[in-house]
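Novice: Got a structure here, written out as structure tokens. Questions coming.
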Amino acid sequence: MPSAGARSSPRRVLVIEDEPDMANLLSLHLTELPAEVQAQVDGLAGLRAAQQHGPWDLIVLDLRLPGLGGIDICRTLRQAGDRVPILMLTARGAELDRVLGLELGADDYMTKPFSVLELGARVRALWRRVDGRAGPQPDDEPAALSCGTLRMNRVQRRVWLRETEVSLTGLEFDLLWCFAREPGRAFSRGELLDRVWGTQHDGYEHTVNTHINRLRNKVGAGFIHTVWGRGYRFEQPDGPT
């Protein structure tokens, strides 16, 4: 995907939100980014739009929807291999919804109510990460990495553990690549946010923790270690993972 400055047309955003006032607010401010915005007010119509009227540059997805919930929409899209960035909207205190949405492959979340400045910052951060992933890589960036039983191919964006392929979301791959690129280095959450998410916003720290837990579940806890008072470090396990 080209960088924002090189685009000849606005980004395309799908908003799936059943509260009319919230849908109008989102549409108004996303249009100013600029973006072309389509809004759907129930889950079934939203899923159809996501599947049939794409490609989309972003889906803003409320998790509590009539007809079909946002969790089910997110699961369906990810199971079909759709890697469109998904920004979830959750009610204050809906911790389980946020964790489950992130587990299913959503890229970020915002808790209602939120400021329009934060909305713009979150969306631009998602697009910077996607643009950086699709753009040219540094000359010294390797095409593949290996660490013990773990192998990664950046060009194919594929991962193998003990010769068995591991299914990762785009963000999970970027996070694991960041670690594997510099084994032994301790990264703070802020550094990971800056490198992978493209932002230093404090509200993302829970997102970092959740994605680390997902990676540990998929590739084994032995690769990613907690460094108390600092963050996380990647290294080859002493034994089988």
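Residue numbers start at 1 in each chain; chains themselves are named A, B, ... in the order of the structure tokens; ligands are numbered from 1 in the order shown.
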Would you kindly return, as a PyMOL selection string, each protein, DNA or RNA residue with an atom no farther than 8 Å from any atom of Cys147 of chain A, considering only C-alpha atoms and excluding same-chain residues fewer than 5 positions away?

Specialist: chain A and resi 180+235-236

Novice: Selected residues, N, CA and C atoms, written as a PDB file, in the first residue's frame, please.

Specialist:
```pdb
ATOM      1  N   ALA A 180      12.797 -11.090  16.786  1.00  0.00           N
ATOM      2  CA  ALA A 180      13.787 -12.006  16.222  1.00  0.00           C
ATOM      3  C   ALA A 180      14.902 -11.272  15.492  1.00  0.00           C
ATOM      4  N   GLU A 235      14.847 -14.701  22.837  1.00  0.00           N
ATOM      5  CA  GLU A 235      16.069 -15.498  22.770  1.00  0.00           C
ATOM      6  C   GLU A 235      15.713 -16.946  22.511  1.00  0.00           C
ATOM      7  N   GLN A 236      16.711 -17.721  22.085  1.00  0.00           N
ATOM      8  CA  GLN A 236      16.477 -19.126  21.798  1.00  0.00           C
ATOM      9  C   GLN A 236      16.289 -19.887  23.096  1.00  0.00           C
TER      10      GLN A 236
END
```

Novice: What's the 10 Å shell around segment 11-27 of chain A, counting only C-alpha atoms, without same-chain residues fewer than 4 positions away, as a CSV table (one decimal) with N, CA and C atoms, in the first residue's frame?

Specialist:
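Result saved to around_34.csv:
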```csv
chain,number,residue,atom,x,y,z
A,4,ALA,N,0.8,7.6,2.7
A,4,ALA,CA,-0.3,8.5,2.6
A,4,ALA,C,-0.1,9.7,1.6
A,7,ARG,N,-0.7,8.6,-2.2
A,7,ARG,CA,-2.0,8.2,-2.6
A,7,ARG,C,-2.7,9.2,-3.5
A,31,THR,N,-13.7,11.2,7.8
A,31,THR,CA,-13.7,11.9,6.5
A,31,THR,C,-12.6,13.0,6.4
A,32,GLU,N,-12.3,13.6,7.6
A,32,GLU,CA,-11.4,14.7,7.6
A,32,GLU,C,-9.9,14.2,7.5
A,33,LEU,N,-9.7,12.9,7.5
A,33,LEU,CA,-8.3,12.4,7.6
A,33,LEU,C,-7.5,12.6,6.3
A,34,PRO,N,-7.9,12.5,5.1
A,34,PRO,CA,-9.2,12.2,4.6
A,34,PRO,C,-9.5,10.7,4.4
A,35,ALA,N,-10.7,10.4,4.3
A,35,ALA,CA,-11.1,9.0,4.0
A,35,ALA,C,-12.6,9.0,3.4
A,36,GLU,N,-12.8,8.1,2.6
A,36,GLU,CA,-14.2,7.8,2.2
A,36,GLU,C,-14.8,6.8,3.1
A,37,VAL,N,-15.9,7.2,3.7
A,37,VAL,CA,-16.5,6.4,4.8
A,37,VAL,C,-17.9,5.8,4.4
A,38,GLN,N,-18.1,4.6,4.7
A,38,GLN,CA,-19.4,3.9,4.5
A,38,GLN,C,-19.8,3.4,5.9
A,39,ALA,N,-21.0,3.6,6.4
A,39,ALA,CA,-21.4,3.2,7.7
A,39,ALA,C,-22.5,2.2,7.5
A,40,GLN,N,-22.5,1.2,8.4
A,40,GLN,CA,-23.5,0.2,8.5
A,40,GLN,C,-24.0,0.1,9.9
A,41,VAL,N,-25.3,-0.1,10.1
A,41,VAL,CA,-25.8,0.0,11.5
A,41,VAL,C,-26.2,-1.4,12.1
A,42,ASP,N,-25.9,-2.5,11.5
A,42,ASP,CA,-26.1,-3.8,12.1
A,42,ASP,C,-25.0,-4.7,11.6
A,43,GLY,N,-24.8,-5.8,12.4
A,43,GLY,CA,-23.7,-6.7,12.1
A,43,GLY,C,-23.8,-7.4,10.8
A,44,LEU,N,-25.0,-7.9,10.4
A,44,LEU,CA,-25.1,-8.7,9.2
A,44,LEU,C,-24.8,-7.8,8.0
A,45,ALA,N,-25.4,-6.6,8.0
A,45,ALA,CA,-25.1,-5.7,6.8
A,45,ALA,C,-23.6,-5.3,6.8
A,46,GLY,N,-23.0,-5.1,8.0
A,46,GLY,CA,-21.6,-4.8,8.1
A,46,GLY,C,-20.7,-5.8,7.6
A,47,LEU,N,-21.0,-7.1,7.9
A,47,LEU,CA,-20.2,-8.2,7.4
A,47,LEU,C,-20.3,-8.3,5.9
A,49,ALA,N,-20.9,-5.9,3.8
A,49,ALA,CA,-20.2,-4.8,3.2
A,49,ALA,C,-18.7,-5.1,3.3
A,50,ALA,N,-18.2,-5.6,4.4
A,50,ALA,CA,-16.8,-5.9,4.5
A,50,ALA,C,-16.3,-6.9,3.5
A,53,HIS,N,-17.8,-5.3,-0.6
A,53,HIS,CA,-17.6,-4.0,-1.1
A,53,HIS,C,-16.2,-3.5,-0.9
A,54,GLY,N,-15.3,-4.4,-0.6
A,54,GLY,CA,-13.9,-4.0,-0.4
A,54,GLY,C,-13.1,-3.9,-1.6
A,55,PRO,N,-11.8,-3.6,-1.6
A,55,PRO,CA,-11.0,-3.7,-0.3
A,55,PRO,C,-11.1,-2.4,0.5
A,56,TRP,N,-11.0,-2.6,1.8
A,56,TRP,CA,-11.1,-1.5,2.8
A,56,TRP,C,-9.7,-1.3,3.4
A,57,ASP,N,-9.4,0.0,3.7
A,57,ASP,CA,-8.2,0.4,4.4
A,57,ASP,C,-8.3,0.3,5.9
A,58,LEU,N,-9.6,0.2,6.4
A,58,LEU,CA,-9.8,0.2,7.8
A,58,LEU,C,-11.3,-0.2,8.1
A,59,ILE,N,-11.5,-1.0,9.1
A,59,ILE,CA,-12.9,-1.3,9.6
A,59,ILE,C,-12.9,-0.8,11.0
A,60,VAL,N,-13.8,0.1,11.3
A,60,VAL,CA,-14.1,0.5,12.7
A,60,VAL,C,-15.3,-0.3,13.2
A,61,LEU,N,-15.1,-1.1,14.2
A,61,LEU,CA,-16.1,-2.2,14.5
A,61,LEU,C,-16.5,-2.1,16.0
A,62,ASP,N,-17.8,-1.8,16.2
A,62,ASP,CA,-18.4,-1.9,17.5
A,62,ASP,C,-18.6,-3.4,17.8
A,63,LEU,N,-18.3,-3.8,19.0
A,63,LEU,CA,-18.4,-5.2,19.4
A,63,LEU,C,-19.8,-5.6,19.8
A,64,ARG,N,-20.6,-4.6,20.2
A,64,ARG,CA,-22.0,-4.9,20.6
A,64,ARG,C,-22.9,-4.4,19.5
A,65,LEU,N,-23.4,-5.3,18.6
A,65,LEU,CA,-24.2,-5.0,17.5
A,65,LEU,C,-25.4,-5.9,17.4
A,66,PRO,N,-26.5,-5.3,16.8
A,66,PRO,CA,-27.7,-6.2,16.5
A,66,PRO,C,-27.4,-7.1,15.3
A,70,GLY,N,-19.8,-7.9,16.9
A,70,GLY,CA,-18.5,-7.6,16.3
A,70,GLY,C,-17.5,-8.7,16.5
A,73,ILE,N,-17.9,-11.0,13.6
A,73,ILE,CA,-17.5,-10.4,12.4
A,73,ILE,C,-16.0,-10.4,12.3
A,85,PRO,N,-7.0,-3.8,8.6
A,85,PRO,CA,-6.9,-3.3,9.9
A,85,PRO,C,-8.2,-3.1,10.6
A,86,ILE,N,-8.4,-3.6,11.8
A,86,ILE,CA,-9.7,-3.5,12.5
A,86,ILE,C,-9.4,-2.8,13.8
A,87,LEU,N,-10.2,-1.7,14.0
A,87,LEU,CA,-10.2,-0.9,15.2
A,87,LEU,C,-11.5,-1.2,15.9
A,88,MET,N,-11.4,-1.8,17.1
A,88,MET,CA,-12.6,-2.2,17.8
A,88,MET,C,-13.1,-1.0,18.7
A,89,LEU,N,-14.4,-0.9,18.9
A,89,LEU,CA,-14.9,0.0,19.8
A,89,LEU,C,-15.6,-0.8,20.9
A,112,LYS,N,-15.2,3.6,24.6
A,112,LYS,CA,-16.2,4.7,24.6
A,112,LYS,C,-16.4,5.2,26.0
A,113,PRO,N,-16.5,6.5,26.2
A,113,PRO,CA,-16.3,7.6,25.2
A,113,PRO,C,-14.8,7.9,24.9
A,116,VAL,N,-11.9,12.8,19.8
A,116,VAL,CA,-11.7,12.7,18.3
A,116,VAL,C,-10.2,12.8,18.0
A,119,LEU,N,-9.0,9.3,18.3
A,119,LEU,CA,-9.4,8.5,17.2
A,119,LEU,C,-8.5,8.7,16.0
A,120,GLY,N,-8.2,10.0,15.7
A,120,GLY,CA,-7.3,10.3,14.5
A,120,GLY,C,-5.9,9.7,14.7
A,127,TRP,N,-2.4,3.0,10.0
A,127,TRP,CA,-2.0,3.2,8.6
A,127,TRP,C,-0.5,3.3,8.4
```

Novice: From a DSSP pass on the backbone, collect the residues of segment 8-140 of chain A flagged as alpha helix (DSSP H) and hand them back as a count of residues only.

Specialist: 60

Novice: Find the residues near segment 164-166 of chain A: any atom within 10 Å, counting only C-alpha atoms, skip ones fewer than 5 places away on the same chain, and give them as a list in words.

Specialist: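 These residues fall inside the cut-off: Thr149, Leu150, Arg151, Met152, Arg158, Val159, Lys218 and Val219 of chain A.
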
Novice: Point out the residue among A:Asn209, A:Phe223, A:Leu161, A:Arg129 with the least atom-to-atom distance to Arg195 of chain A, counting only C-alpha atoms.

Specialist: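 When distances to Arg195 of chain A are compared using only C-alpha atoms, the smallest one comes from A:Arg129.
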
Novice: Figure out the distance between atom CA of Val155 of chain A and atom CA of Leu104 of chain A, please, to one decimal in Å.

Specialist: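 Result for atom CA of Leu104 of chain A versus atom CA of Val155 of chain A: 23.8 Å, one decimal.
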
Novice: Between A:Leu30, A:Gly69, A:Pro237, A:His225, which residue has the minimum interatomic distance to Ala121 of chain A, considering only C-alpha atoms?

Specialist: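 Under the stated criterion, the closest residue is A:Leu30.
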
Novice: For segment 91-102 of chain A, please output as a VMD selection string all residues within 7 Å (counting only C-alpha atoms; exclusion window: fewer than 2 positions along the same chain).

Specialist: chain A and resid 71 104 to 107 109 111 to 112

Novice: Just C-alpha atoms for this one: save the residues we selected as an mmCIF file, in the first residue's frame.

Specialist:
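Here's the written file result_17.cif:
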```cif
data_model
loop_
_atom_site.group_PDB
_atom_site.id
_atom_site.type_symbol
_atom_site.label_atom_id
_atom_site.label_comp_id
_atom_site.auth_asym_id
_atom_site.auth_seq_id
_atom_site.Cartn_x
_atom_site.Cartn_y
_atom_site.Cartn_z
ATOM 1 C CA ILE A 71 -16.614 -10.558 17.781
ATOM 2 C CA LEU A 104 -9.241 -13.004 17.340
ATOM 3 C CA GLY A 105 -6.943 -10.656 15.426
ATOM 4 C CA ALA A 106 -8.231 -7.111 15.869
ATOM 5 C CA ASP A 107 -5.391 -4.598 15.597
ATOM 6 C CA TYR A 109 -9.274 -0.952 20.429
ATOM 7 C CA THR A 111 -13.056 2.534 24.801
ATOM 8 C CA LYS A 112 -16.185 4.684 24.608
#
```

Novice: Measure the distance from atom CA of Trp228 of chain A to atom CA of Ala186 of chain A in Å and round it to one decimal.

Specialist: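 Atom CA of Ala186 of chain A lies 10.0 Å from atom CA of Trp228 of chain A.
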
Novice: Mind checking DSSP for segment 27-169 of chain A and telling me the strand (DSSP E) residues as a ChimeraX atom specification?

Specialist: /A:35-40,58-62,86-91,108-112,144-147,150-153,158-161,164-166

Novice: Residues as selected, C-alpha atoms, written as a PDB file, in the first residue's frame, can you do that?

Specialist:
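As written to disk, again24.pdb reads:
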```pdb
ATOM      1  CA  ALA A  35     -11.140   9.030   3.991  1.00  0.00           C
ATOM      2  CA  GLU A  36     -14.211   7.820   2.159  1.00  0.00           C
ATOM      3  CA  VAL A  37     -16.500   6.378   4.823  1.00  0.00           C
ATOM      4  CA  GLN A  38     -19.378   3.936   4.548  1.00  0.00           C
ATOM      5  CA  ALA A  39     -21.428   3.201   7.671  1.00  0.00           C
ATOM      6  CA  GLN A  40     -23.534   0.153   8.476  1.00  0.00           C
ATOM      7  CA  LEU A  58      -9.822   0.158   7.834  1.00  0.00           C
ATOM      8  CA  ILE A  59     -12.861  -1.278   9.598  1.00  0.00           C
ATOM      9  CA  VAL A  60     -14.078   0.508  12.723  1.00  0.00           C
ATOM     10  CA  LEU A  61     -16.072  -2.165  14.494  1.00  0.00           C
ATOM     11  CA  ASP A  62     -18.364  -1.872  17.502  1.00  0.00           C
ATOM     12  CA  ILE A  86      -9.656  -3.544  12.507  1.00  0.00           C
ATOM     13  CA  LEU A  87     -10.167  -0.914  15.208  1.00  0.00           C
ATOM     14  CA  MET A  88     -12.604  -2.172  17.840  1.00  0.00           C
ATOM     15  CA  LEU A  89     -14.949   0.022  19.850  1.00  0.00           C
ATOM     16  CA  THR A  90     -15.847  -1.279  23.306  1.00  0.00           C
ATOM     17  CA  ALA A  91     -17.840  -0.030  26.277  1.00  0.00           C
ATOM     18  CA  ASP A 108      -6.384  -2.100  18.263  1.00  0.00           C
ATOM     19  CA  TYR A 109      -9.274  -0.952  20.429  1.00  0.00           C
ATOM     20  CA  MET A 110     -10.787   2.239  21.781  1.00  0.00           C
ATOM     21  CA  THR A 111     -13.056   2.534  24.801  1.00  0.00           C
ATOM     22  CA  LYS A 112     -16.185   4.684  24.608  1.00  0.00           C
ATOM     23  CA  ALA A 144      14.587 -14.722   6.487  1.00  0.00           C
ATOM     24  CA  LEU A 145      15.543 -15.387  10.105  1.00  0.00           C
ATOM     25  CA  SER A 146      15.959 -18.520  12.193  1.00  0.00           C
ATOM     26  CA  CYS A 147      16.315 -19.115  15.901  1.00  0.00           C
ATOM     27  CA  LEU A 150      11.738 -21.212  14.755  1.00  0.00           C
ATOM     28  CA  ARG A 151      12.053 -19.952  11.164  1.00  0.00           C
ATOM     29  CA  MET A 152      10.586 -16.786   9.631  1.00  0.00           C
ATOM     30  CA  ASN A 153      10.381 -15.576   6.042  1.00  0.00           C
ATOM     31  CA  ARG A 158       5.339 -17.080   7.031  1.00  0.00           C
ATOM     32  CA  VAL A 159       6.545 -18.714  10.244  1.00  0.00           C
ATOM     33  CA  TRP A 160       7.484 -22.321  11.009  1.00  0.00           C
ATOM     34  CA  LEU A 161       8.043 -23.967  14.381  1.00  0.00           C
ATOM     35  CA  THR A 164       5.176 -26.912  11.166  1.00  0.00           C
ATOM     36  CA  GLU A 165       3.742 -23.650   9.884  1.00  0.00           C
ATOM     37  CA  VAL A 166       2.294 -21.308  12.504  1.00  0.00           C
TER      38      VAL A 166
END
```
